[in-house]
>>> print(open('target.txt').read())   # compact mmCIF, C-alpha atoms
# COMPACT_ATOMS: atom_id res chain seq x y z
CA MET A 1 -2.59 -1.66 -4.04
CA THR A 2 0.19 -2.93 -6.30
CA LYS A 3 3.43 -1.00 -6.66
CA THR A 4 2.37 -0.04 -10.21
CA ASP A 5 -0.93 1.31 -8.88
CA LEU A 6 0.90 3.08 -6.10
CA ILE A 7 3.28 4.83 -8.49
CA ALA A 8 0.38 5.81 -10.76
CA GLY A 9 -1.44 7.24 -7.76
CA LEU A 10 1.62 9.16 -6.62
CA ARG A 11 2.03 10.64 -10.08
CA LYS A 12 -1.57 11.89 -9.80
CA GLN A 13 -0.78 13.26 -6.32
CA SER A 14 -3.39 10.99 -4.76
CA PRO A 15 -3.57 11.43 -0.98
CA LYS A 16 -4.52 7.75 -0.69
CA ALA A 17 -1.37 6.69 -2.59
CA GLN A 18 0.75 9.06 -0.51
CA GLN A 19 -0.63 7.62 2.73
CA GLU A 20 -0.10 4.06 1.44
CA THR A 21 3.52 4.93 0.64
CA ILE A 22 4.07 6.30 4.12
CA ASP A 23 2.40 3.26 5.67
CA ARG A 24 4.56 0.85 3.66
CA TYR A 25 7.93 2.54 3.98
CA SER A 26 7.87 4.74 7.10
CA ARG A 27 9.59 2.31 9.46
CA GLU A 28 12.43 1.55 7.08
CA VAL A 29 12.94 5.19 6.12
CA PHE A 30 12.86 6.41 9.72
CA ALA A 31 15.32 3.71 10.80
CA GLN A 32 17.77 4.77 8.09
CA VAL A 33 17.37 8.45 8.90
CA VAL A 34 17.97 7.87 12.62
CA ARG A 35 21.19 6.04 11.78
CA LEU A 36 22.39 9.00 9.74
CA VAL A 37 21.15 11.92 11.86
CA ALA A 38 22.30 12.18 15.47
CA VAL A 39 19.61 14.50 16.88
CA THR A 40 16.11 12.96 17.04
CA GLU A 41 14.32 16.24 16.30
CA ASN A 42 16.43 16.65 13.17
CA ALA A 43 15.75 13.04 12.20
CA GLU A 44 12.01 13.68 12.29
CA GLU A 45 12.39 16.68 10.00
CA VAL A 46 14.61 14.77 7.59
CA TYR A 47 12.14 11.86 7.63
CA GLN A 48 9.31 14.18 6.57
CA ASN A 49 11.50 15.76 3.90
CA VAL A 50 12.29 12.34 2.42
CA PHE A 51 8.62 11.68 1.73
CA MET A 52 8.02 15.20 0.47
CA LYS A 53 10.86 14.73 -2.03
CA VAL A 54 9.51 11.35 -3.11
CA PHE A 55 6.05 12.82 -3.65
CA SER A 56 7.28 15.88 -5.51
CA ASN A 57 9.82 13.99 -7.66
CA ILE A 58 7.86 10.82 -8.44
CA GLY A 59 7.70 11.89 -12.09
CA GLN A 60 11.43 11.20 -12.29
CA HIS A 61 11.01 7.63 -11.04
CA ASP A 62 12.37 5.12 -13.53
CA ALA A 63 11.28 1.58 -12.73
CA GLY A 64 14.18 0.28 -14.81
CA ARG A 65 16.69 1.97 -12.51
CA ALA A 66 15.17 1.46 -9.06
CA SER A 67 12.17 -0.07 -7.38
CA LEU A 68 9.75 2.10 -5.43
CA SER A 69 11.07 0.65 -2.18
CA GLU A 70 14.48 2.12 -3.05
CA ALA A 71 13.05 5.48 -4.09
CA PRO A 72 13.02 7.11 -0.64
CA PHE A 73 16.71 6.38 -0.27
CA ILE A 74 17.58 7.59 -3.76
CA PHE A 75 15.83 10.92 -3.16
CA PHE A 76 17.40 11.17 0.30
CA CYS A 77 20.94 10.99 -1.05
>>> encode(input="target.txt", output="structure tokens")
Amino acid sequence: MTKTDLIAGLRKQSPKAQQETIDRYSREVFAQVVRLVAVTENAEEVYQNVFMKVFSNIGQHDAGRASLSEAPFIFFC
């Protein structure tokens, strides 16, 4: 699935696109969250919230401003 297809799927709230996004970006997102959050249990909650924000705010994604790989970190901030 290309990034364009992935974004289109996320905009349609496709479970397949959501799972693909998690599969592609979970390691990187979790690593960043662990660096920022001291307690592991809190890091897991923040990690889940990052993806929930990405999925619920994908309509605001502007490919001219940021790539999809940067999106989790933009919504996290």
>>> atom_distance(input="target.txt", atom1="CA of Ile7 (chain A)", atom2="CA of Ala31 (chain A)")
22.8 Å
>>> atom_distance(input="target.txt", atom1="CA of Gly59 (chain A)", atom2="CA of Lys16 (chain A)")
17.2 Å
>>> residues_around(input="target.txt", residues="Ile22 (chain A)", least_positions_apart="3", cutoff="12 Å", atoms="all atoms listed in the file", output="ChimeraX atom specification")
/A:6,10,15-19,25-30,47-48,50-52,54-55,68-69,72
>>> closest_residue(input="target.txt", among="A:Met1, A:Val39, A:Ile58, A:Val33", to="Glu20 (chain A)", atoms="all atoms listed in the file")
A:Met1
>>> axis_aligned_box(input="target.txt", around="region 6-14 of chain A", padding_each_side="8 Å", output="AutoDock Vina command-line options")
--center_x -0.1 --center_y 8.2 --center_z -7.8 --size_x 22.7 --size_y 26.2 --size_z 22.0
>>> atom_distance(input="target.txt", atom1="CA of Asp5 (chain A)", atom2="CA of Gln32 (chain A)")
25.5 Å
>>> closest_residue(input="target.txt", among="A:Asn49, A:Ser56, A:Val37, A:Asn42", to="Gln13 (chain A)", atoms="all atoms listed in the file")
A:Ser56
>>> closest_residue(input="target.txt", among="A:Leu36, A:Gly9, A:Gln60, A:Glu44", to="Thr21 (chain A)", atoms="all atoms listed in the file")
A:Gly9
>>> build_atoms(input="target.txt", residues="region 5-17 of chain A", atoms="N, CA, C and O atoms", output="tab-separated table (two decimals), keeping the file's coordinate frame")
chain	number	residue	atom	x	y	z
A	5	ASP	N	0.19	0.45	-9.24
A	5	ASP	CA	-0.93	1.31	-8.88
A	5	ASP	C	-0.48	2.44	-7.96
A	5	ASP	O	-0.94	3.58	-8.08
A	6	LEU	N	0.41	2.10	-7.04
A	6	LEU	CA	0.90	3.08	-6.10
A	6	LEU	C	1.66	4.20	-6.82
A	6	LEU	O	1.42	5.38	-6.58
A	7	ILE	N	2.52	3.83	-7.73
A	7	ILE	CA	3.28	4.83	-8.49
A	7	ILE	C	2.34	5.69	-9.33
A	7	ILE	O	2.48	6.91	-9.38
A	8	ALA	N	1.36	5.05	-9.97
A	8	ALA	CA	0.38	5.81	-10.76
A	8	ALA	C	-0.37	6.80	-9.88
A	8	ALA	O	-0.58	7.95	-10.27
A	9	GLY	N	-0.75	6.36	-8.69
A	9	GLY	CA	-1.44	7.24	-7.76
A	9	GLY	C	-0.57	8.39	-7.29
A	9	GLY	O	-1.02	9.53	-7.17
A	10	LEU	N	0.70	8.09	-7.04
A	10	LEU	CA	1.62	9.16	-6.62
A	10	LEU	C	1.82	10.17	-7.73
A	10	LEU	O	1.92	11.37	-7.47
A	11	ARG	N	1.87	9.71	-8.95
A	11	ARG	CA	2.03	10.64	-10.08
A	11	ARG	C	0.82	11.56	-10.22
A	11	ARG	O	0.94	12.68	-10.70
A	12	LYS	N	-0.35	11.08	-9.77
A	12	LYS	CA	-1.57	11.89	-9.80
A	12	LYS	C	-1.75	12.69	-8.51
A	12	LYS	O	-2.77	13.33	-8.31
A	13	GLN	N	-0.77	12.59	-7.62
A	13	GLN	CA	-0.78	13.26	-6.32
A	13	GLN	C	-1.97	12.82	-5.47
A	13	GLN	O	-2.58	13.63	-4.75
A	14	SER	N	-2.29	11.55	-5.54
A	14	SER	CA	-3.39	10.99	-4.76
A	14	SER	C	-3.03	10.92	-3.28
A	14	SER	O	-2.04	10.28	-2.92
A	15	PRO	N	-3.83	11.54	-2.42
A	15	PRO	CA	-3.57	11.43	-0.98
A	15	PRO	C	-3.59	9.98	-0.49
A	15	PRO	O	-2.83	9.61	0.40
A	16	LYS	N	-4.45	9.17	-1.08
A	16	LYS	CA	-4.52	7.75	-0.69
A	16	LYS	C	-3.20	7.04	-1.02
A	16	LYS	O	-2.68	6.27	-0.21
A	17	ALA	N	-2.64	7.30	-2.19
A	17	ALA	CA	-1.37	6.69	-2.59
A	17	ALA	C	-0.24	7.22	-1.72
A	17	ALA	O	0.67	6.47	-1.35
